[in-house]
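Encoded as structure tokens, the structure appears first; notes follow it.
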Amino acid sequence: MPNRLAHATSPYLLQHADNPVDWWPWEPAAFEEARQRNVPVFLSVGYSSCHWCHVMAHESFEDELTAAYMNEHFVSIKVDREERPDVDAVYMEAVQAATGQGGWPMSVFMTADGEPFYFGTYFPPEPRPGMASFTQVLEGVRTAWVGRREEVAEVAQKITRDLAGRALGAGGSGLPTAESQGNALLQLTRDYDPASGWFGGGDTKFPPSMVVEFLLRHHARTGSDGAREMAEGACEAMVRSSLFDQVGGGFHRYVLRGPNGSLVPHFEKMLYDNALLCRVYAHVWRATGSELARRVALETADFMVRELRTREGGYASALDADSAVEDGWGHPQAEGSGGGSGRHVEGAFYVWTPAQLREVLGEEDGDFAVRYFGVTEEGTFEEGASVLQLPQGDGVVEAGRVASVRERLLAAREERPRPGRDDKIVASWNGLAIAALAETGAYFGRPDLVERATEAADLLVRVHMDGRARLARTSKDGHVGANAGVLEDYANVAEGFLALAAVSGEGVWLEFAGFLTDIVLDQFRGEDGVLFDTAHDAEQLIRRPQDPTDSATPSGWTAAAGALLSYAAHTGSEAHRTAAERALGVVKALGPRAPRFIGWGLAVAESLLDGPREVAVVGGPDDVRTQELHRAALLATAPGAVVAVGEPGSDEMPLLADRPLVEGRPAAFVCRHFVCAAPTSDVAVLAGQLGARSGA
């Protein structure tokens with residue numbers, strides 16, 4: 001019989017609806033139940049595309065004996081971290097502080113007051129060296145709860161006090177400066193390996209999308225060759241490795257160096273990674289003209305539209321790492337989407353053997369693909385299968401052949417059982433996708449991508465806002481979820497709307513961005529300009545989450561600073577600019593010490609130091625001269641430049657006010673703080689003013 005999760009909208013929670021564990025969703029009634037029964041709470045946090053979450057579910061939560069023990073001695077709560085990032089952030093901070101590491105599934109034992117006292121991540125069903133089994137953990141917690149309650153309560157209260165004392169200030173060191181930004185760049189050069197193109201030591205490599213954005217903006221502002229070389233090197237390393245799906249486009253979550261030295265991906269594909277990287281590669285092309293960057297940006301955009309777009313026009317959260325196979329999965333069965341009756345194996349959808357390549361492509365092209373993509377007889381992954389990679393020095397002369405090979409491999413792969421898809425729409429990540437699709441479409445003459453961005457923006461307004469005073473965090477199948485938006489939702493959706501306004505010239509998106517940034521000022525700002533991840537009137541947890549550092553996405557704090565700064569540049573609002581400046585104090589403090597963990601803040605700081613520049617293009621929308629000026633403005637590499645386009649006298653965009661045609665011709669005005677240079681009707685002059693690539 002299904003448990004209480006059967007009515008959830010989260011795909012992750014629904015995956016556990018048939019567990020024998022008597023799961024509760026995160027709600028007051030669950031804690032009241034624990035209080036009445038005088039038992040501890042077990043909190044399990046994960047997400048639908050998390051490989052180890054599935055493993056622990058199969059091993060422990062689907063086990064009748066384990067579930068019976070949990071049901072008798074605990075109140076068990078299951079949380080989707082993507083729906084409740086605030087709950088995840090607060091307890092992950094406790095897990096990391098106590099154990100020195102974190103991850104998912106996250107396992108936390110707490111009192112009925114939400115005070116944690118024991119932590120972990122994945123626990124196996126049987127003991128392993130240095131790791132207790134999940135049953136042993138449950139029994140140990142139960143024994144401590146019954147026999148040493150005062151000690152448990154003391155530990156829980158101390159942990160809670162320590163967490164509550166971690167509130168951050170705004171930085172206290174003033175605005176970022178050219179010197180502090182230069183020091184951040186210097187630290188990045190120490191972390192960068194020019195031979196491999198990756199940042200940082202260790203065997204696990206995550207895509208440094210926000211750091212690359214900082215490097216591109218820093219190069220644009222200062223002309224630093226080192227910043228540009230690191231940005232290009234990092235982007236080339238990512239796309240040539242198995243992080244990038246060489247057949248279908250798009251990026252996996254991260255890569256890990258295997259025993260044979262090759263980089264093997266964790267195969268889940270997240271919307272946020274692909275949205276951020278699509279935009280980054282488009283910006284690399286904008287700055288350098290790299291054909292590789294152009295191809296990757298477009299292939300990543302096409303991947304998002306093809307595989308993540310939902311019927312409602314939004315973008316699903318993720319694709320699982322696993323898919324179904326039969327035994328001997330080196331030869332996956334050829335069944336339709338979602339087929340497969342065997343076990344689930346990580347990466348099975350994406351990997352190939354030499355025999356499979358030859359079967360699909362024939363002997364000659366199969367042998368070519370084996371060499372080109374680095375496939376070996378022994379395999380670079382598991383069970384003789386290889387992950388495709390892109391070799392150095394792949395020549396243009398083979399471009400047509402490579403395209404044909406990739407097209408045929410993609411068609412063959414579509415017959416394999418597909419990974420599961422989390423169809424949940426997360427507002428924040430859709431905001432990132434809107435910005436990426438709108439800009440990529442505008443740069444490369446793909447109006448269909450701009451249309452897809454507009455449809456996603458419409459969905460957010462229609463479903464996630466829907467006349468409300470606030471923004472909802474999630475929706476599914478066109479139905480809004482119950483969870484309130486957090487700071488990153490407001491910030492990244494505003495960022496997406498601002499990018500769409502610049503591309504489309506439709507002032508309504510600027511208006512919606514203003515609505516969202518006004519709520520940031522009203523509900524998420526504390527004293528001295530600090531920002532919190534949850535609103536003033538949100539559910540009160542044991543600590544109000546607050547983190548200015550990047551994780552897989554820009555932090556809500558720095559994303560909000562960027563949206564506030566851009567909106568101020570569009571409108572001249574001193575309140576929004578002042579709030580952005582105060583929020584950026586933390587970047588000056590943290591940037592020189594830990595630049596890889598505050599890359600988006602450093603990128604926004606580059607925009608602040610450059611102005612940012614405000615570009616108004618006036619002219620008729622059907623006039624080719626207006627379109628050329630608009631395109632040159634969009635191709636500006638000036639950090640964070642904002643663009644408005646429209647007819648003279650239009651009241652949709654404040655930047656267009658009092659901007660006339662010049663001698664009857666469309667014209668562009670480049671300004672800082674609404675103080676403008678002489679207008680120009682010359683595309684080359686405008687490009688020079690903005691660092692844009694004219695005629696690109």
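Residues are referred to by chain and number: the chain letter is A, B, ... according to the order shown in the structure tokens, the number counts from 1 in that chain, and ligands are numbered separately from 1 in the order shown.
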(message) I'd like the neighbourhood of A:Met270 as a ChimeraX atom specification, where a residue qualifies if any of its atoms comes within 8 Å (using only C-alpha atoms), though same-chain residues fewer than 6 positions away should be ignored.
(response) /A:251-253,317-319
Keeping N, CA, C and O atoms for every residue in the selection just given, could you write it to a file as a tab-separated table (two decimals), in the first residue's frame?
chain	number	residue	atom	x	y	z
A	251	PHE	N	26.02	18.12	-21.21
A	251	PHE	CA	27.09	17.77	-20.27
A	251	PHE	C	26.57	16.90	-19.14
A	251	PHE	O	25.46	17.10	-18.64
A	252	HIS	N	27.41	15.96	-18.73
A	252	HIS	CA	27.15	15.18	-17.53
A	252	HIS	C	27.53	16.01	-16.30
A	252	HIS	O	28.09	17.11	-16.41
A	253	ARG	N	27.25	15.44	-15.13
A	253	ARG	CA	27.40	16.22	-13.89
A	253	ARG	C	28.86	16.51	-13.54
A	253	ARG	O	29.21	17.60	-13.19
A	317	SER	N	14.12	18.95	-14.70
A	317	SER	CA	15.29	19.16	-13.84
A	317	SER	C	16.50	18.34	-14.24
A	317	SER	O	17.63	18.83	-14.17
A	318	ALA	N	16.28	17.07	-14.64
A	318	ALA	CA	17.45	16.20	-14.82
A	318	ALA	C	17.09	14.92	-15.54
A	318	ALA	O	15.93	14.50	-15.59
A	319	LEU	N	18.14	14.28	-16.07
A	319	LEU	CA	18.07	12.91	-16.54
A	319	LEU	C	18.89	12.04	-15.59
A	319	LEU	O	19.98	12.43	-15.16
(message) Among stretch 167-254 of chain A, which ones does DSSP assign to alpha helix (DSSP H) (computed from the backbone)? Answer as a VMD selection string.
(response) chain A and resid 178 to 191 209 to 222 225 to 240
(message) I'd like the contact shell of A:Phe669 - 8 Å cut-off, only C-alpha atoms, skipping same-chain residues fewer than 5 positions apart - returned as a PyMOL selection string.
(response) chain A and resi 614-617+659+676-680
(message) Excluding A:Asn483 and its own-chain neighbours fewer than 5 positions away, which residues fall within 7 Å of it when counting only C-alpha atoms? Please give them as a ChimeraX atom specification.
(response) /A:83,472-474
Deliver the residues from the most recent selection as a file, using N, CA and C atoms, as a short mmCIF file (atom, residue, chain, number, x, y, z; two decimals), in the first residue's frame.
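Saved the output as selection-v6.cif:
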data_model
loop_
_atom_site.label_atom_id
_atom_site.label_comp_id
_atom_site.auth_asym_id
_atom_site.auth_seq_id
_atom_site.Cartn_x
_atom_site.Cartn_y
_atom_site.Cartn_z
N GLU A 83 13.29 20.57 -4.24
CA GLU A 83 12.08 21.28 -3.83
C GLU A 83 12.32 22.13 -2.59
N ALA A 472 6.60 30.74 -6.94
CA ALA A 472 6.67 29.37 -6.46
C ALA A 472 7.96 28.72 -6.95
N ARG A 473 8.51 27.83 -6.14
CA ARG A 473 9.77 27.16 -6.46
C ARG A 473 9.61 26.18 -7.63
N THR A 474 8.57 25.34 -7.59
CA THR A 474 8.47 24.25 -8.54
C THR A 474 7.06 24.12 -9.12
#
Using 8 Å as the limit and counting only C-alpha atoms, can you tabulate each residue of stretch 259-369 of chain A that touches stretch 201-222 of chain A, with its shortest atom-to-atom distance in Å and the two atoms involved, as a tab-separated table?
residue	atom	partner	partner_atom	distance
A:Asp273	CA	A:Pro207	CA	7.7
A:Leu276	CA	A:Ser209	CA	6.3
A:Leu277	CA	A:Ser209	CA	5.9
A:Val280	CA	A:Glu213	CA	6.3
A:His283	CA	A:Leu216	CA	7.8
A:Val284	CA	A:Leu216	CA	7.3
A:Ala287	CA	A:Leu216	CA	7.5
Serialized selection, N, CA and C atoms, as a compact mmCIF listing (two decimals), in the first residue's frame:
# COMPACT_ATOMS: atom_id res chain seq x y z
N ASP A 273 23.47 22.62 -15.02
CA ASP A 273 24.79 22.54 -15.64
C ASP A 273 24.72 22.91 -17.12
N LEU A 276 23.97 26.69 -17.75
CA LEU A 276 25.14 27.52 -17.48
C LEU A 276 26.22 27.33 -18.55
N LEU A 277 26.46 26.07 -18.94
CA LEU A 277 27.53 25.80 -19.90
C LEU A 277 27.14 26.22 -21.31
N VAL A 280 27.91 29.83 -21.30
CA VAL A 280 29.36 30.07 -21.25
C VAL A 280 30.01 29.83 -22.61
N HIS A 283 29.32 32.56 -24.89
CA HIS A 283 30.13 33.73 -24.56
C HIS A 283 31.59 33.54 -24.99
N VAL A 284 32.09 32.31 -24.91
CA VAL A 284 33.44 32.04 -25.42
C VAL A 284 33.49 32.32 -26.92
N ALA A 287 33.55 36.00 -27.61
CA ALA A 287 34.83 36.65 -27.32
C ALA A 287 35.95 36.22 -28.27
(request) Mind listing the strand (DSSP E or B) residues of stretch 378-474 of chain A, per DSSP on the backbone, as a count of residues only? (result) 9
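Atom pair atom CA of A:Ser404 / atom CA of A:Ser323: separated by 25.8 Å.
One finds atom CA of A:Glu511 at 8.5 Å from atom CA of A:Glu652.
Among the candidates A:Gln36, A:Thr160, A:Asn3, A:Ser242, the residue lying nearest to A:Ile77 is A:Asn3 (atoms considered: only C-alpha atoms).
For the choices A:Gly140, A:Pro595, A:Glu363, A:Gly646, the atom-to-atom distance to A:Gln187 is smallest for A:Pro595 when using only C-alpha atoms.
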(message) With distances taken over only C-alpha atoms, which residue among A:Ala321, A:Gly664, A:Thr99, A:Glu291 lies nearest A:Ala399?
(response) A:Glu291
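One distance worth recording is that between atom CA of A:Gly640 and atom CA of A:Pro612, which is 5.7 Å.
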Which residues, written as a PDB file with N, CA, C and O atoms, in the first residue's frame, have at least one atom at most 12 Å from A:Leu521, with only C-alpha atoms counted and residues fewer than 2 positions away on the same chain left out?
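Output contents, as saved in around-v2.pdb:
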ATOM      1  N   LEU A 487      15.833  32.573  -2.633  1.00  0.00           N
ATOM      2  CA  LEU A 487      16.531  33.702  -3.253  1.00  0.00           C
ATOM      3  C   LEU A 487      17.029  33.373  -4.650  1.00  0.00           C
ATOM      4  O   LEU A 487      16.914  34.186  -5.567  1.00  0.00           O
ATOM      5  N   TYR A 490      14.257  33.805  -7.356  1.00  0.00           N
ATOM      6  CA  TYR A 490      13.992  35.192  -7.731  1.00  0.00           C
ATOM      7  C   TYR A 490      15.134  35.759  -8.566  1.00  0.00           C
ATOM      8  O   TYR A 490      14.916  36.449  -9.569  1.00  0.00           O
ATOM      9  N   ALA A 491      16.371  35.460  -8.157  1.00  0.00           N
ATOM     10  CA  ALA A 491      17.527  36.046  -8.832  1.00  0.00           C
ATOM     11  C   ALA A 491      17.716  35.478 -10.235  1.00  0.00           C
ATOM     12  O   ALA A 491      17.910  36.228 -11.202  1.00  0.00           O
ATOM     13  N   GLY A 514      11.714  43.493 -12.660  1.00  0.00           N
ATOM     14  CA  GLY A 514      11.583  44.486 -11.602  1.00  0.00           C
ATOM     15  C   GLY A 514      10.710  43.998 -10.466  1.00  0.00           C
ATOM     16  O   GLY A 514      11.004  44.238  -9.277  1.00  0.00           O
ATOM     17  N   PHE A 515       9.625  43.312 -10.787  1.00  0.00           N
ATOM     18  CA  PHE A 515       8.748  42.745  -9.764  1.00  0.00           C
ATOM     19  C   PHE A 515       9.536  41.788  -8.872  1.00  0.00           C
ATOM     20  O   PHE A 515       9.431  41.828  -7.632  1.00  0.00           O
ATOM     21  N   LEU A 516      10.354  40.926  -9.475  1.00  0.00           N
ATOM     22  CA  LEU A 516      11.110  39.938  -8.708  1.00  0.00           C
ATOM     23  C   LEU A 516      12.214  40.584  -7.874  1.00  0.00           C
ATOM     24  O   LEU A 516      12.429  40.215  -6.715  1.00  0.00           O
ATOM     25  N   THR A 517      12.934  41.538  -8.461  1.00  0.00           N
ATOM     26  CA  THR A 517      14.021  42.169  -7.703  1.00  0.00           C
ATOM     27  C   THR A 517      13.473  43.046  -6.575  1.00  0.00           C
ATOM     28  O   THR A 517      14.129  43.194  -5.530  1.00  0.00           O
ATOM     29  N   ASP A 518      12.287  43.598  -6.739  1.00  0.00           N
ATOM     30  CA  ASP A 518      11.668  44.346  -5.636  1.00  0.00           C
ATOM     31  C   ASP A 518      11.387  43.422  -4.450  1.00  0.00           C
ATOM     32  O   ASP A 518      11.551  43.828  -3.285  1.00  0.00           O
ATOM     33  N   ILE A 519      10.966  42.196  -4.729  1.00  0.00           N
ATOM     34  CA  ILE A 519      10.732  41.244  -3.641  1.00  0.00           C
ATOM     35  C   ILE A 519      12.049  40.876  -2.966  1.00  0.00           C
ATOM     36  O   ILE A 519      12.101  40.700  -1.739  1.00  0.00           O
ATOM     37  N   GLN A 523      12.118  41.190   0.927  1.00  0.00           N
ATOM     38  CA  GLN A 523      11.948  39.968   1.708  1.00  0.00           C
ATOM     39  C   GLN A 523      13.241  39.207   2.005  1.00  0.00           C
ATOM     40  O   GLN A 523      13.250  38.365   2.903  1.00  0.00           O
ATOM     41  N   PHE A 524      14.311  39.466   1.292  1.00  0.00           N
ATOM     42  CA  PHE A 524      15.512  38.644   1.449  1.00  0.00           C
ATOM     43  C   PHE A 524      16.714  39.416   1.982  1.00  0.00           C
ATOM     44  O   PHE A 524      17.763  38.828   2.185  1.00  0.00           O
ATOM     45  N   ARG A 525      16.562  40.708   2.201  1.00  0.00           N
ATOM     46  CA  ARG A 525      17.690  41.543   2.599  1.00  0.00           C
ATOM     47  C   ARG A 525      17.677  41.763   4.100  1.00  0.00           C
ATOM     48  O   ARG A 525      16.640  42.045   4.705  1.00  0.00           O
ATOM     49  N   GLY A 526      18.862  41.626   4.718  1.00  0.00           N
ATOM     50  CA  GLY A 526      19.003  41.892   6.134  1.00  0.00           C
ATOM     51  C   GLY A 526      19.784  43.170   6.368  1.00  0.00           C
ATOM     52  O   GLY A 526      19.993  43.987   5.467  1.00  0.00           O
ATOM     53  N   GLU A 527      20.217  43.337   7.594  1.00  0.00           N
ATOM     54  CA  GLU A 527      20.982  44.527   7.942  1.00  0.00           C
ATOM     55  C   GLU A 527      22.336  44.517   7.224  1.00  0.00           C
ATOM     56  O   GLU A 527      22.902  43.474   6.941  1.00  0.00           O
ATOM     57  N   GLY A 529      23.109  45.008   4.304  1.00  0.00           N
ATOM     58  CA  GLY A 529      23.147  44.517   2.941  1.00  0.00           C
ATOM     59  C   GLY A 529      23.300  43.025   2.790  1.00  0.00           C
ATOM     60  O   GLY A 529      23.427  42.532   1.665  1.00  0.00           O
ATOM     61  N   VAL A 530      23.299  42.260   3.900  1.00  0.00           N
ATOM     62  CA  VAL A 530      23.398  40.808   3.768  1.00  0.00           C
ATOM     63  C   VAL A 530      22.136  40.277   3.115  1.00  0.00           C
ATOM     64  O   VAL A 530      21.068  40.896   3.174  1.00  0.00           O
ATOM     65  N   LEU A 531      22.263  39.132   2.484  1.00  0.00           N
ATOM     66  CA  LEU A 531      21.119  38.485   1.851  1.00  0.00           C
ATOM     67  C   LEU A 531      20.931  37.093   2.453  1.00  0.00           C
ATOM     68  O   LEU A 531      21.901  36.418   2.793  1.00  0.00           O
ATOM     69  N   PHE A 532      19.685  36.698   2.585  1.00  0.00           N
ATOM     70  CA  PHE A 532      19.344  35.374   3.095  1.00  0.00           C
ATOM     71  C   PHE A 532      18.726  34.546   1.972  1.00  0.00           C
ATOM     72  O   PHE A 532      18.133  35.081   1.039  1.00  0.00           O
ATOM     73  N   ALA A 535      12.915  33.896   2.505  1.00  0.00           N
ATOM     74  CA  ALA A 535      12.250  35.172   2.764  1.00  0.00           C
ATOM     75  C   ALA A 535      12.023  35.381   4.258  1.00  0.00           C
ATOM     76  O   ALA A 535      12.057  34.433   5.052  1.00  0.00           O
ATOM     77  N   HIS A 536      11.783  36.636   4.619  1.00  0.00           N
ATOM     78  CA  HIS A 536      11.547  36.960   6.024  1.00  0.00           C
ATOM     79  C   HIS A 536      10.385  36.159   6.593  1.00  0.00           C
ATOM     80  O   HIS A 536      10.404  35.786   7.770  1.00  0.00           O
ATOM     81  N   TRP A 557      22.820  34.685  -3.333  1.00  0.00           N
ATOM     82  CA  TRP A 557      23.374  35.981  -2.926  1.00  0.00           C
ATOM     83  C   TRP A 557      23.993  36.700  -4.126  1.00  0.00           C
ATOM     84  O   TRP A 557      23.643  37.848  -4.430  1.00  0.00           O
ATOM     85  N   ALA A 560      21.583  37.329  -7.060  1.00  0.00           N
ATOM     86  CA  ALA A 560      20.738  38.486  -6.777  1.00  0.00           C
ATOM     87  C   ALA A 560      21.502  39.782  -7.006  1.00  0.00           C
ATOM     88  O   ALA A 560      20.954  40.751  -7.558  1.00  0.00           O
ATOM     89  N   ALA A 561      22.763  39.816  -6.597  1.00  0.00           N
ATOM     90  CA  ALA A 561      23.564  41.018  -6.833  1.00  0.00           C
ATOM     91  C   ALA A 561      23.636  41.327  -8.321  1.00  0.00           C
ATOM     92  O   ALA A 561      23.526  42.486  -8.744  1.00  0.00           O
ATOM     93  N   ALA A 563      21.451  40.402 -10.752  1.00  0.00           N
ATOM     94  CA  ALA A 563      20.152  40.834 -11.263  1.00  0.00           C
ATOM     95  C   ALA A 563      19.826  42.253 -10.808  1.00  0.00           C
ATOM     96  O   ALA A 563      19.293  43.062 -11.583  1.00  0.00           O
ATOM     97  N   LEU A 564      20.135  42.563  -9.558  1.00  0.00           N
ATOM     98  CA  LEU A 564      19.899  43.920  -9.048  1.00  0.00           C
ATOM     99  C   LEU A 564      20.716  44.941  -9.822  1.00  0.00           C
ATOM    100  O   LEU A 564      20.227  46.027 -10.175  1.00  0.00           O
ATOM    101  N   ALA A 575      18.183  52.456  -5.615  1.00  0.00           N
ATOM    102  CA  ALA A 575      17.932  51.468  -4.561  1.00  0.00           C
ATOM    103  C   ALA A 575      18.462  50.098  -4.978  1.00  0.00           C
ATOM    104  O   ALA A 575      19.082  49.388  -4.169  1.00  0.00           O
ATOM    105  N   HIS A 576      18.231  49.730  -6.233  1.00  0.00           N
ATOM    106  CA  HIS A 576      18.704  48.428  -6.698  1.00  0.00           C
ATOM    107  C   HIS A 576      20.225  48.407  -6.824  1.00  0.00           C
ATOM    108  O   HIS A 576      20.871  47.418  -6.461  1.00  0.00           O
ATOM    109  N   ARG A 577      20.811  49.493  -7.302  1.00  0.00           N
ATOM    110  CA  ARG A 577      22.266  49.517  -7.439  1.00  0.00           C
ATOM    111  C   ARG A 577      22.944  49.492  -6.067  1.00  0.00           C
ATOM    112  O   ARG A 577      23.917  48.764  -5.859  1.00  0.00           O
ATOM    113  N   THR A 578      22.426  50.265  -5.136  1.00  0.00           N
ATOM    114  CA  THR A 578      23.010  50.282  -3.792  1.00  0.00           C
ATOM    115  C   THR A 578      22.944  48.907  -3.153  1.00  0.00           C
ATOM    116  O   THR A 578      23.900  48.446  -2.516  1.00  0.00           O
ATOM    117  N   ALA A 579      21.797  48.222  -3.315  1.00  0.00           N
ATOM    118  CA  ALA A 579      21.670  46.876  -2.761  1.00  0.00           C
ATOM    119  C   ALA A 579      22.678  45.928  -3.397  1.00  0.00           C
ATOM    120  O   ALA A 579      23.282  45.090  -2.717  1.00  0.00           O
ATOM    121  N   ALA A 580      22.879  46.044  -4.713  1.00  0.00           N
ATOM    122  CA  ALA A 580      23.864  45.206  -5.392  1.00  0.00           C
ATOM    123  C   ALA A 580      25.268  45.480  -4.867  1.00  0.00           C
ATOM    124  O   ALA A 580      26.040  44.550  -4.595  1.00  0.00           O
ATOM    125  N   ARG A 582      26.195  46.686  -1.970  1.00  0.00           N
ATOM    126  CA  ARG A 582      26.383  46.213  -0.595  1.00  0.00           C
ATOM    127  C   ARG A 582      26.507  44.695  -0.558  1.00  0.00           C
ATOM    128  O   ARG A 582      27.275  44.142   0.231  1.00  0.00           O
ATOM    129  N   ALA A 583      25.765  44.015  -1.413  1.00  0.00           N
ATOM    130  CA  ALA A 583      25.866  42.562  -1.456  1.00  0.00           C
ATOM    131  C   ALA A 583      27.230  42.103  -1.956  1.00  0.00           C
ATOM    132  O   ALA A 583      27.704  41.028  -1.587  1.00  0.00           O
TER     133      ALA A 583
END
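Considering only C-alpha atoms, the residue among A:Val426, A:Leu686, A:Ala153, A:Ala231 positioned nearest to A:Thr288 is A:Ala231.
Of the residues listed (A:Ile598, A:Leu655, A:Val624, A:Val87), A:Ile598 shows the shortest atom-to-atom separation from A:Leu185; distances use only C-alpha atoms.
With only C-alpha atoms taken into account, the protein and nucleic acid residues at most 8 Å from stretch 15-30 of chain A (excluding it and anything under 3 positions from it in its own chain) are Met1, Pro2, Asn3, Arg4, Leu5, Ala6, Pro11, Tyr12, Glu33, Ala34, Ser48, Ala57, Phe61, Glu62, Asp63, Glu64, Ala67, Ala68, Met70, Asn71, Val75, Ser76, Ile77, Lys78 and Val79 of chain A.
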Write out as CSV a residue-level contact list of stretch 575-661 of chain A versus stretch 188-195 of chain A with cut-off 12 Å: for each qualifying residue the closest pair of atoms and the distance in Å to one decimal, counting only C-alpha atoms, rows sorted by chain and residue number upward.
residue,atom,partner,partner_atom,distance
A:Gly591,CA,A:Leu188,CA,9.9
A:Pro592,CA,A:Leu188,CA,8.8
A:Arg593,CA,A:Leu188,CA,9.6
A:Ala594,CA,A:Leu188,CA,8.6
A:Pro595,CA,A:Leu188,CA,6.6
A:Arg596,CA,A:Leu188,CA,7.2
A:Phe597,CA,A:Leu188,CA,10.7
A:Ile598,CA,A:Leu188,CA,11.5
A:Gly599,CA,A:Leu188,CA,10.2
A:Leu602,CA,A:Leu188,CA,11.7
(message) Applying 10 Å and only C-alpha atoms, which residues near A:Ala369 remain after dropping the ones on its own chain fewer than 2 positions away? List them as a ChimeraX atom specification.
(response) /A:354,357-358,361,363-367,371-375,388,401-402,405-406,409
Write the residues of the selection above to a file with N, CA, C and O atoms, as a compact mmCIF listing (two decimals), in the first residue's frame.
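Saved result, result.txt, follows:
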# COMPACT_ATOMS: atom_id res chain seq x y z
N PRO A 354 33.64 -1.42 -29.26
CA PRO A 354 34.00 -1.40 -30.68
C PRO A 354 33.01 -2.18 -31.55
O PRO A 354 32.67 -1.74 -32.65
N LEU A 357 29.91 -0.11 -32.27
CA LEU A 357 30.16 0.95 -33.25
C LEU A 357 30.18 0.39 -34.66
O LEU A 357 29.61 0.98 -35.60
N ARG A 358 30.83 -0.76 -34.82
CA ARG A 358 30.90 -1.35 -36.16
C ARG A 358 29.53 -1.86 -36.61
O ARG A 358 29.19 -1.81 -37.80
N LEU A 361 27.71 1.39 -37.68
CA LEU A 361 28.34 2.23 -38.70
C LEU A 361 28.94 1.45 -39.86
O LEU A 361 29.33 2.05 -40.88
N GLU A 363 32.02 -1.54 -41.00
CA GLU A 363 33.41 -1.77 -40.61
C GLU A 363 34.27 -0.52 -40.76
O GLU A 363 35.02 -0.14 -39.86
N GLU A 364 34.19 0.15 -41.91
CA GLU A 364 35.09 1.27 -42.18
C GLU A 364 34.81 2.45 -41.25
O GLU A 364 35.72 2.95 -40.57
N ASP A 365 33.56 2.91 -41.21
CA ASP A 365 33.23 4.03 -40.32
C ASP A 365 33.29 3.62 -38.86
O ASP A 365 33.59 4.44 -37.98
N GLY A 366 33.02 2.33 -38.59
CA GLY A 366 33.14 1.85 -37.22
C GLY A 366 34.57 1.92 -36.73
O GLY A 366 34.84 2.36 -35.60
N ASP A 367 35.52 1.51 -37.57
CA ASP A 367 36.94 1.60 -37.20
C ASP A 367 37.34 3.06 -37.02
O ASP A 367 38.13 3.40 -36.12
N ARG A 371 38.76 4.86 -33.41
CA ARG A 371 39.96 5.69 -33.28
C ARG A 371 39.60 7.11 -32.84
O ARG A 371 40.24 7.68 -31.95
N TYR A 372 38.60 7.69 -33.47
CA TYR A 372 38.27 9.10 -33.27
C TYR A 372 37.81 9.38 -31.85
O TYR A 372 38.19 10.38 -31.24
N PHE A 373 36.99 8.47 -31.30
CA PHE A 373 36.41 8.70 -29.97
C PHE A 373 37.15 7.98 -28.85
O PHE A 373 36.69 7.97 -27.71
N GLY A 374 38.29 7.39 -29.15
CA GLY A 374 39.10 6.79 -28.10
C GLY A 374 38.49 5.56 -27.47
O GLY A 374 38.65 5.31 -26.26
N VAL A 375 37.79 4.74 -28.27
CA VAL A 375 37.17 3.52 -27.76
C VAL A 375 38.20 2.39 -27.84
O VAL A 375 38.93 2.25 -28.82
N LEU A 388 32.75 7.85 -24.91
CA LEU A 388 33.34 8.55 -26.04
C LEU A 388 33.97 9.86 -25.59
O LEU A 388 33.42 10.60 -24.79
N ARG A 401 32.40 13.74 -42.15
CA ARG A 401 32.34 12.33 -41.74
C ARG A 401 31.95 12.21 -40.27
O ARG A 401 31.13 11.36 -39.91
N VAL A 402 32.53 13.06 -39.44
CA VAL A 402 32.21 13.03 -38.01
C VAL A 402 30.72 13.32 -37.80
O VAL A 402 30.05 12.65 -37.01
N VAL A 405 28.72 10.28 -38.68
CA VAL A 405 28.88 9.23 -37.66
C VAL A 405 28.05 9.56 -36.42
O VAL A 405 27.33 8.71 -35.88
N ARG A 406 28.13 10.78 -35.98
CA ARG A 406 27.41 11.18 -34.77
C ARG A 406 25.90 11.07 -34.98
O ARG A 406 25.16 10.65 -34.09
N LEU A 409 24.95 7.38 -34.83
CA LEU A 409 25.05 6.86 -33.47
C LEU A 409 23.91 7.38 -32.60
O LEU A 409 23.36 6.65 -31.76
(request) Considering only C-alpha atoms, state which residue in the set A:Thr440, A:Ser555, A:Gln181, A:Thr310 is at the smallest distance from A:Val296. (result) A:Thr440
